[in-house]
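Below is the file start_28.txt, which contains compact mmCIF, C-alpha atoms.
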# COMPACT_ATOMS: atom_id res chain seq x y z
CA MET H 1274 0.00 0.00 0.00
CA ILE H 1275 1.07 3.59 -0.58
CA LYS H 1276 2.25 5.24 2.60
CA LYS H 1277 0.03 7.90 4.13
CA VAL H 1278 2.05 10.78 5.60
CA ASN H 1279 1.64 14.09 7.41
CA SER H 1280 2.19 17.47 5.75
CA GLU H 1281 5.82 17.75 6.85
CA GLU H 1282 6.80 14.39 5.32
CA TYR H 1283 4.85 15.20 2.17
CA ILE H 1284 6.60 18.56 1.73
CA ASP H 1285 10.01 16.93 2.24
CA ALA H 1286 9.20 14.29 -0.38
CA MET H 1287 7.86 16.91 -2.78
CA LEU H 1288 10.98 19.05 -2.51
CA SER H 1289 13.27 16.08 -3.10
CA SER H 1290 11.36 14.73 -6.12
CA MET H 1291 12.85 14.95 -9.59
CA ARG H 1292 11.44 17.53 -11.98
CA ALA H 1293 12.34 18.40 -15.58
CA GLY H 1294 13.00 21.94 -16.78
CA THR H 1295 13.91 23.53 -13.46
CA ASP H 1296 17.25 24.78 -14.78
CA SER H 1297 15.46 27.29 -17.04
CA ILE H 1298 13.27 28.87 -14.33
CA CYS H 1299 14.58 32.16 -12.93
CA ALA H 1300 11.71 33.61 -10.85
CA PHE H 1301 7.97 33.18 -10.35
CA TYR H 1302 5.01 34.76 -8.60
CA GLU H 1303 1.57 33.61 -7.48
CA HIS H 1304 -0.94 36.33 -6.58
CA ARG H 1305 -2.60 34.18 -3.89
CA ILE H 1306 0.70 34.20 -2.00
CA GLY H 1307 1.89 37.63 -3.10
CA LEU H 1308 5.61 36.84 -3.10
CA ILE H 1309 8.36 36.29 -5.69
CA CYS H 1310 10.43 33.11 -5.38
CA THR H 1311 13.42 31.75 -7.30
CA ASP H 1312 13.33 28.09 -6.16
CA PRO H 1313 11.60 26.18 -9.01
CA LYS H 1314 10.73 23.25 -6.72
CA LEU H 1315 8.14 25.52 -5.12
CA MET H 1316 6.53 26.55 -8.42
CA LEU H 1317 3.25 24.65 -8.03
CA MET H 1318 -0.40 25.28 -8.90
CA PRO H 1319 -3.45 24.16 -6.89
CA TRP H 1320 -4.97 21.08 -8.49
CA ASP H 1321 -8.47 22.53 -8.29
CA ASP H 1322 -7.62 25.73 -10.18
CA HIS H 1323 -9.87 25.56 -13.24
CA LEU H 1324 -6.89 26.79 -15.27
CA VAL H 1325 -5.30 23.39 -14.59
CA HIS H 1326 -8.12 20.87 -15.06
CA ARG H 1327 -10.43 22.78 -17.43
CA GLY H 1328 -8.05 25.01 -19.40
CA ASP H 1329 -10.20 27.88 -18.15
CA GLY H 1330 -7.83 30.80 -18.45
CA VAL H 1331 -5.74 32.97 -20.74
CA PHE H 1332 -2.04 33.70 -21.04
CA GLU H 1333 0.59 35.88 -22.66
CA ALA H 1334 4.30 35.40 -23.29
CA MET H 1335 6.75 38.21 -23.94
CA LYS H 1336 10.50 38.56 -23.95
CA PHE H 1337 12.99 40.98 -22.51
CA VAL H 1338 16.45 41.46 -23.98
CA ASP H 1339 19.32 43.44 -22.45
CA GLY H 1340 17.03 44.77 -19.75
CA LYS H 1341 14.21 45.85 -22.12
CA LEU H 1342 10.78 44.17 -22.03
CA TYR H 1343 9.27 44.18 -25.51
CA GLN H 1344 5.66 45.13 -26.28
CA LEU H 1345 4.34 44.98 -22.74
CA GLU H 1346 1.29 47.14 -23.48
CA PRO H 1347 0.23 45.34 -26.70
CA HIS H 1348 0.45 42.00 -24.89
CA LEU H 1349 -1.65 43.27 -21.99
CA ARG H 1350 -4.22 44.77 -24.37
CA ARG H 1351 -4.59 41.39 -26.05
CA MET H 1352 -4.86 39.69 -22.66
CA LYS H 1353 -7.64 42.11 -21.74
CA ARG H 1354 -9.52 41.19 -24.92
CA SER H 1355 -9.03 37.45 -24.36
CA SER H 1356 -10.08 37.62 -20.70
CA ALA H 1357 -13.11 39.80 -21.46
CA THR H 1358 -14.25 37.25 -24.04
CA ILE H 1359 -14.35 34.51 -21.39
CA PHE H 1360 -15.73 36.83 -18.67
CA LEU H 1361 -12.59 36.81 -16.54
CA GLU H 1362 -10.82 39.64 -14.72
CA PRO H 1363 -7.46 39.53 -12.92
CA PRO H 1364 -7.32 39.58 -9.10
CA CYS H 1365 -5.65 43.01 -9.32
CA SER H 1366 -5.93 46.05 -11.57
CA TRP H 1367 -4.35 45.92 -15.02
CA ASP H 1368 -1.93 48.68 -14.02
CA GLU H 1369 -0.87 46.62 -11.00
CA LEU H 1370 -0.43 43.58 -13.22
CA SER H 1371 1.92 45.56 -15.46
CA ASP H 1372 4.01 46.58 -12.42
CA ILE H 1373 4.09 43.01 -11.08
CA ILE H 1374 5.31 41.66 -14.42
CA LEU H 1375 8.19 44.12 -14.44
CA ASP H 1376 8.95 43.36 -10.79
CA VAL H 1377 9.19 39.60 -11.44
CA CYS H 1378 11.44 40.23 -14.46
CA GLY H 1379 13.70 42.38 -12.31
CA ALA H 1380 13.78 39.83 -9.49
CA SER H 1381 14.89 37.09 -11.91
CA GLY H 1382 18.40 38.51 -12.05
CA CYS H 1383 18.44 37.97 -15.82
CA ASP H 1384 19.29 40.58 -18.45
CA SER H 1385 17.26 38.59 -20.98
CA GLY H 1386 14.42 36.13 -20.57
CA VAL H 1387 10.85 35.14 -21.37
CA VAL H 1388 8.04 36.12 -19.01
CA ARG H 1389 4.77 34.20 -19.12
CA VAL H 1390 1.59 35.47 -17.49
CA PHE H 1391 -1.25 33.04 -16.69
CA LEU H 1392 -4.67 34.33 -15.65
CA GLY H 1393 -7.01 31.56 -14.49
CA ARG H 1394 -10.52 31.12 -13.15
CA GLY H 1395 -9.04 30.15 -9.81
CA GLY H 1396 -9.41 27.33 -7.31
CA GLY H 1397 -12.62 26.10 -5.73
CA GLY H 1398 -13.63 22.76 -7.19
CA PHE H 1399 -13.28 20.15 -9.92
CA GLY H 1400 -16.56 20.88 -11.70
CA ILE H 1401 -17.09 22.86 -14.86
CA SER H 1402 -19.01 25.82 -13.46
CA PRO H 1403 -16.89 29.00 -13.29
CA TYR H 1404 -18.90 30.06 -10.26
CA GLU H 1405 -17.08 27.48 -8.13
CA CYS H 1406 -14.11 29.83 -8.12
CA PRO H 1407 -14.47 32.90 -5.87
CA VAL H 1408 -11.11 34.50 -6.75
CA PRO H 1409 -9.25 34.43 -10.10
CA SER H 1410 -5.68 33.15 -10.12
CA LEU H 1411 -2.57 34.86 -11.45
CA TYR H 1412 0.80 33.22 -12.08
CA ILE H 1413 3.89 34.86 -13.58
CA VAL H 1414 7.12 33.04 -14.40
CA VAL H 1415 10.41 34.13 -15.95
CA THR H 1416 12.52 31.59 -17.81
CA LYS H 1417 15.85 31.88 -19.60
CA LEU H 1418 15.70 33.10 -23.20
CA SER H 1419 16.87 30.53 -25.71
CA THR H 1420 18.15 32.36 -28.79
CA LYS H 1421 18.82 31.11 -32.31
CA SER H 1422 22.15 31.59 -34.03
CA ASP H 1423 22.68 33.94 -36.97
CA GLU H 1424 23.38 30.83 -39.05
CA TRP H 1425 19.88 29.51 -38.21
CA TYR H 1426 18.30 32.68 -39.61
CA LYS H 1427 20.54 32.61 -42.71
CA LYS H 1428 19.68 28.98 -43.41
CA GLY H 1429 15.93 29.39 -42.96
CA ILE H 1430 13.42 26.79 -41.81
CA THR H 1431 11.05 24.16 -43.18
CA ALA H 1432 7.29 23.88 -42.81
CA PHE H 1433 4.44 21.60 -43.84
CA LYS H 1434 0.65 21.40 -43.88
CA THR H 1435 -0.41 19.76 -40.65
CA SER H 1436 -3.34 17.33 -40.45
CA ILE H 1437 -4.65 19.31 -37.46
CA PRO H 1438 -7.32 21.80 -38.63
CA ALA H 1439 -7.33 25.45 -37.67
CA LYS H 1440 -9.35 26.38 -34.60
CA GLN H 1441 -12.86 27.68 -35.10
CA PRO H 1442 -12.89 31.50 -35.25
CA TYR H 1443 -14.36 32.00 -31.77
CA LEU H 1444 -11.53 30.08 -30.11
CA ALA H 1445 -8.73 31.06 -32.51
CA THR H 1446 -8.96 34.70 -31.51
CA ILE H 1447 -8.64 33.97 -27.77
CA LYS H 1448 -5.17 33.28 -26.37
CA SER H 1449 -6.50 30.65 -24.01
CA ILE H 1450 -4.64 28.08 -21.94
CA ASP H 1451 -6.24 25.30 -24.00
CA TYR H 1452 -3.51 24.75 -26.60
CA LEU H 1453 -4.15 21.07 -27.33
CA PRO H 1454 -4.46 21.57 -31.13
CA ASN H 1455 -1.21 23.56 -31.06
CA VAL H 1456 0.50 20.78 -29.11
CA LEU H 1457 -0.66 18.16 -31.63
CA MET H 1458 0.55 20.34 -34.51
CA LYS H 1459 4.00 20.64 -32.97
CA ARG H 1460 4.13 16.91 -32.24
CA GLU H 1461 3.33 16.13 -35.86
CA ALA H 1462 6.03 18.51 -37.08
CA ILE H 1463 8.65 16.82 -34.92
CA GLU H 1464 7.50 13.32 -35.94
CA LYS H 1465 7.71 14.23 -39.65
CA GLY H 1466 11.01 16.10 -39.41
CA PHE H 1467 9.83 19.65 -40.13
CA ASP H 1468 10.62 22.78 -38.17
CA LEU H 1469 7.08 24.18 -38.15
CA PRO H 1470 3.50 23.15 -38.91
CA PHE H 1471 1.02 25.37 -40.80
CA CYS H 1472 -2.69 24.78 -40.21
CA PHE H 1473 -5.48 25.60 -42.66
CA ASP H 1474 -9.15 26.45 -42.25
CA GLY H 1475 -12.19 24.62 -43.65
CA MET H 1476 -11.79 26.42 -46.99
CA SER H 1477 -8.16 25.24 -47.25
CA PHE H 1478 -6.73 28.69 -46.60
CA LEU H 1479 -3.67 29.34 -44.43
CA ALA H 1480 -4.39 30.14 -40.78
CA GLU H 1481 -1.25 30.04 -38.59
CA GLY H 1482 1.57 27.99 -37.13
CA ALA H 1483 1.58 26.22 -33.76
CA THR H 1484 2.68 29.36 -31.91
CA GLU H 1485 3.57 31.70 -34.77
CA ASN H 1486 1.93 33.79 -37.46
CA VAL H 1487 2.67 33.23 -41.14
CA CYS H 1488 2.72 35.67 -44.06
CA ILE H 1489 4.03 35.61 -47.64
CA VAL H 1490 5.54 37.97 -50.21
CA ASP H 1491 3.87 37.45 -53.58
CA SER H 1492 5.39 37.77 -57.08
CA ASN H 1493 4.58 41.52 -57.09
CA GLY H 1494 6.48 42.10 -53.86
CA THR H 1495 3.38 42.64 -51.72
CA LEU H 1496 3.39 41.34 -48.17
CA LEU H 1497 0.22 39.26 -47.80
CA ILE H 1498 -1.26 38.53 -44.36
CA PRO H 1499 -3.96 35.90 -43.71
CA GLU H 1500 -7.08 37.52 -42.29
CA PHE H 1501 -7.26 36.94 -38.53
CA THR H 1502 -10.42 34.83 -38.58
CA ASN H 1503 -8.96 31.39 -37.80
CA ALA H 1504 -5.74 32.73 -36.31
CA LEU H 1505 -4.59 34.76 -33.34
CA ALA H 1506 -3.44 38.28 -34.21
CA GLY H 1507 0.19 38.06 -33.16
CA THR H 1508 1.77 41.07 -31.48
CA THR H 1509 5.10 40.45 -33.24
CA LEU H 1510 3.53 40.26 -36.72
CA LEU H 1511 1.36 43.33 -36.14
CA ARG H 1512 4.37 45.33 -34.96
CA ALA H 1513 6.49 44.10 -37.87
CA ILE H 1514 3.77 45.20 -40.32
CA THR H 1515 3.71 48.67 -38.77
CA LEU H 1516 7.50 48.97 -38.93
CA ILE H 1517 7.86 47.82 -42.55
CA ALA H 1518 4.70 49.37 -44.03
CA ASP H 1519 6.62 52.36 -45.48
CA GLU H 1520 8.99 50.04 -47.32
CA VAL H 1521 6.75 47.20 -48.55
CA PRO H 1522 3.09 47.21 -49.68
CA VAL H 1523 0.86 45.22 -47.30
CA ASP H 1524 -2.49 43.52 -47.88
CA TYR H 1525 -4.78 41.11 -46.02
CA CYS H 1526 -6.28 38.20 -47.97
CA ALA H 1527 -6.92 34.46 -48.05
CA ILE H 1528 -3.80 32.43 -48.91
CA SER H 1529 -3.86 28.96 -50.48
CA GLU H 1530 -1.22 26.22 -50.51
CA ASP H 1531 -0.44 26.99 -54.15
CA GLU H 1532 0.15 30.65 -53.33
CA ILE H 1533 2.58 29.62 -50.60
CA LEU H 1534 4.59 27.56 -53.08
CA MET H 1535 4.60 30.36 -55.69
CA ALA H 1536 5.62 33.04 -53.17
CA LYS H 1537 8.90 34.93 -53.31
CA GLU H 1538 9.07 34.62 -49.53
CA VAL H 1539 7.26 32.81 -46.75
CA ILE H 1540 7.85 34.43 -43.37
CA VAL H 1541 7.12 33.27 -39.84
CA CYS H 1542 6.82 35.77 -36.98
CA GLY H 1543 6.79 35.01 -33.26
CA THR H 1544 7.74 36.39 -29.86
CA THR H 1545 11.03 34.56 -29.40
CA ILE H 1546 12.15 34.27 -33.05
CA ASP H 1547 11.10 37.72 -34.35
CA ALA H 1548 10.96 36.89 -38.09
CA VAL H 1549 12.50 34.07 -40.09
CA GLY H 1550 12.16 32.85 -43.67
CA VAL H 1551 10.70 29.48 -44.65
CA VAL H 1552 12.76 27.93 -47.46
CA ARG H 1553 10.77 24.72 -48.03
CA PHE H 1554 7.07 23.95 -47.67
CA ASN H 1555 5.85 20.35 -47.91
CA GLU H 1556 9.43 19.53 -48.98
CA LYS H 1557 9.12 21.79 -52.03
CA PRO H 1558 11.40 24.82 -52.45
CA ILE H 1559 10.25 28.37 -51.82
CA HIS H 1560 11.72 30.65 -54.53
CA ASP H 1561 15.53 30.35 -54.38
CA VAL H 1562 15.52 28.34 -51.12
CA ARG H 1563 16.97 31.20 -49.09
CA PRO H 1564 15.41 33.64 -46.61
CA GLY H 1565 14.45 36.73 -48.59
CA PRO H 1566 15.04 40.46 -48.04
CA VAL H 1567 11.66 41.16 -46.43
CA ALA H 1568 12.18 38.52 -43.73
CA ILE H 1569 15.67 39.85 -43.06
CA ARG H 1570 14.43 43.44 -42.93
CA MET H 1571 11.55 42.54 -40.61
CA ARG H 1572 13.95 41.03 -38.11
CA GLU H 1573 16.29 44.03 -38.32
CA LEU H 1574 13.42 46.43 -37.64
CA LEU H 1575 12.07 44.36 -34.73
CA ILE H 1576 15.49 44.18 -33.05
CA LYS H 1577 16.00 47.92 -33.51
CA ASP H 1578 12.49 48.66 -32.18
CA MET H 1579 13.10 46.54 -29.10
CA LYS H 1580 16.27 48.43 -28.25
CA GLU H 1581 14.65 51.82 -28.79
CA ASN H 1582 11.13 51.25 -27.42
CA GLY H 1583 11.31 48.35 -24.97
CA THR H 1584 10.16 48.97 -21.40
CA PRO H 1585 13.13 49.09 -18.98
CA VAL H 1586 13.14 46.26 -16.44
CA PRO H 1587 13.85 47.55 -12.90
CA LYS H 1588 17.01 46.24 -11.28
CA ARG H 1589 16.64 44.35 -7.99
Render the structure in this file as structure tokens.
Amino acid sequence: MIKKVNSEEYIDAMLSSMRAGTDSICAFYEHRIGLICTDPKLMLMPWDDHLVHRGDGVFEAMKFVDGKLYQLEPHLRRMKRSSATIFLEPPCSWDELSDIILDVCGASGCDSGVVRVFLGRGGGGFGISPYECPVPSLYIVVTKLSTKSDEWYKKGITAFKTSIPAKQPYLATIKSIDYLPNVLMKREAIEKGFDLPFCFDGMSFLAEGATENVCIVDSNGTLLIPEFTNALAGTTLLRAITLIADEVPVDYCAISEDEILMAKEVIVCGTTIDAVGVVRFNEKPIHDVRPGPVAIRMRELLIKDMKENGTPVPKR
């Protein structure tokens, strides 16, 4: 039989248990406790938080580089929209949340990192009713930033059409905790030996990647963006469009598989990778099988923008 123990023995066993990924965790915060900690063994969520067992919550991920947190306000605006859609408010004001995020980043002791913010329905039961939970939950964690080499960007990446369909519009536009389709997309990419999966909607038009947005440059040199109906409007892509709009014509339209293969460039944008060119899709070459000038310029502009307009992280 499994041994029954008191709380002291249980805590000792919990702290001595093996756990993957702890070497990347720099600092974390739970609003219920109201403290910042740097020991990853204590980074635990209540089992009855509906964020855990129902996926009832929203999240955002943003990076800071050389002491500058990038696009804090756009990320929080999107989190507000996502949380309002599921009738959820944080356990503090949005201004306080912004300050807490910066405080946790500063307490991490890192010059660069990724900060993830999780807003959940809260603890209170294992049912499905949101009214079980009297107080919403808030978790913030900073992890080390894993960067790609310049050679990786010069080489470009591969992508394929995943068998996992795009989310229905109502769910696709919410950055919810429930990322099961995204997980299955990524699994399929790894199993088949591709860098990234692209999903398509019911009309066979391009939607998005597992955690990235996708756009193309057509034969006329126009940057084409899939309409954000079956895809989340990515903060990195939206900022990149704003930065490059004076240099490259931009349009929003439906994009087919054939148009991807005929494109001069296929570009992927995301929080941690900025912008990178796709050189093969479904094992077929894209243009001259090299990242193109628009992808390169997008990344240059994003890096410059981060240095000039990032929010300073307070030193602790």
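Rounded to one decimal, atom CA of H:Ser1419 and atom CA of H:Gly1386 lie 8.0 Å from each other.
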message = Which residues are near stretch 1440-1450 of chain H? Cut-off 8 Å, all atoms listed in the file, ignore same chain within fewer than 5 positions. Put them as a PyMOL selection string.
response = chain H and resi 1324+1328-1333+1352+1354-1355+1358+1391+1474+1501-1506
message = Is it possible to get the residues within 6 Å of (16.2, 40.3, -10.4) (coordinates as in the file, counting all atoms listed in the file) written as a PyMOL selection string?
response = chain H and resi 1379-1382+1589
Could you save those same residues with C-alpha atoms as a tab-separated table (two decimals), in the coordinates of the input?
chain	number	residue	atom	x	y	z
H	1379	GLY	CA	13.70	42.38	-12.31
H	1380	ALA	CA	13.78	39.83	-9.49
H	1381	SER	CA	14.89	37.09	-11.91
H	1382	GLY	CA	18.40	38.51	-12.05
H	1589	ARG	CA	16.64	44.35	-7.99
message = For H:Cys1365, find every residue with an atom within 10 Å (counting all atoms listed in the file), except residues of its own chain fewer than 6 positions away, and show them as a ChimeraX atom specification.
response = /H:1304,1373,1409-1411
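Minimum distance to H:Ala1334 across H:Cys1542, H:Val1415, H:Met1274, H:Ile1559 (counting all atoms listed in the file) occurs at H:Val1415.
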Dig up all the protein and nucleic acid residues within 7 Å of (17.3, 34.9, -24.4) in the file frame, using all atoms listed in the file, and format them as a PDB file with C-alpha atoms, in the frame of the given file.
ATOM      1  CA  VAL H1338      16.450  41.460 -23.980  1.00  0.00           C
ATOM      2  CA  SER H1385      17.260  38.590 -20.980  1.00  0.00           C
ATOM      3  CA  GLY H1386      14.420  36.130 -20.570  1.00  0.00           C
ATOM      4  CA  LYS H1417      15.850  31.880 -19.600  1.00  0.00           C
ATOM      5  CA  LEU H1418      15.700  33.100 -23.200  1.00  0.00           C
ATOM      6  CA  SER H1419      16.870  30.530 -25.710  1.00  0.00           C
ATOM      7  CA  THR H1420      18.150  32.360 -28.790  1.00  0.00           C
TER       8      THR H1420
END
message = Please determine, counting only C-alpha atoms, which residue among H:Lys1341, H:Arg1327, H:Arg1305, H:Arg1350 has the shortest atom-to-atom distance to H:Gly1507.
response = H:Arg1350
So that I can see what lies close to stretch 1573-1583 of chain H, please list as a PDB file with C-alpha atoms, in the frame of the given file the residues with an atom at most 10 Å from it, counting all atoms listed in the file and leaving out residues fewer than 3 positions away in the same chain.
ATOM      1  CA  LYS H1336      10.500  38.560 -23.950  1.00  0.00           C
ATOM      2  CA  PHE H1337      12.990  40.980 -22.510  1.00  0.00           C
ATOM      3  CA  VAL H1338      16.450  41.460 -23.980  1.00  0.00           C
ATOM      4  CA  ASP H1339      19.320  43.440 -22.450  1.00  0.00           C
ATOM      5  CA  GLY H1340      17.030  44.770 -19.750  1.00  0.00           C
ATOM      6  CA  LYS H1341      14.210  45.850 -22.120  1.00  0.00           C
ATOM      7  CA  LEU H1342      10.780  44.170 -22.030  1.00  0.00           C
ATOM      8  CA  TYR H1343       9.270  44.180 -25.510  1.00  0.00           C
ATOM      9  CA  GLN H1344       5.660  45.130 -26.280  1.00  0.00           C
ATOM     10  CA  LEU H1345       4.340  44.980 -22.740  1.00  0.00           C
ATOM     11  CA  THR H1509       5.100  40.450 -33.240  1.00  0.00           C
ATOM     12  CA  LEU H1510       3.530  40.260 -36.720  1.00  0.00           C
ATOM     13  CA  ARG H1512       4.370  45.330 -34.960  1.00  0.00           C
ATOM     14  CA  ALA H1513       6.490  44.100 -37.870  1.00  0.00           C
ATOM     15  CA  LEU H1516       7.500  48.970 -38.930  1.00  0.00           C
ATOM     16  CA  ILE H1517       7.860  47.820 -42.550  1.00  0.00           C
ATOM     17  CA  ASP H1547      11.100  37.720 -34.350  1.00  0.00           C
ATOM     18  CA  ALA H1548      10.960  36.890 -38.090  1.00  0.00           C
ATOM     19  CA  VAL H1567      11.660  41.160 -46.430  1.00  0.00           C
ATOM     20  CA  ALA H1568      12.180  38.520 -43.730  1.00  0.00           C
ATOM     21  CA  ILE H1569      15.670  39.850 -43.060  1.00  0.00           C
ATOM     22  CA  ARG H1570      14.430  43.440 -42.930  1.00  0.00           C
ATOM     23  CA  VAL H1586      13.140  46.260 -16.440  1.00  0.00           C
TER      24      VAL H1586
END
ask   = Restricting the calculation to all atoms listed in the file, which member of H:Ala1518, H:Ile1374, H:Ala1480, H:Val1541 is positioned closest to H:Tyr1412?
value = H:Ile1374
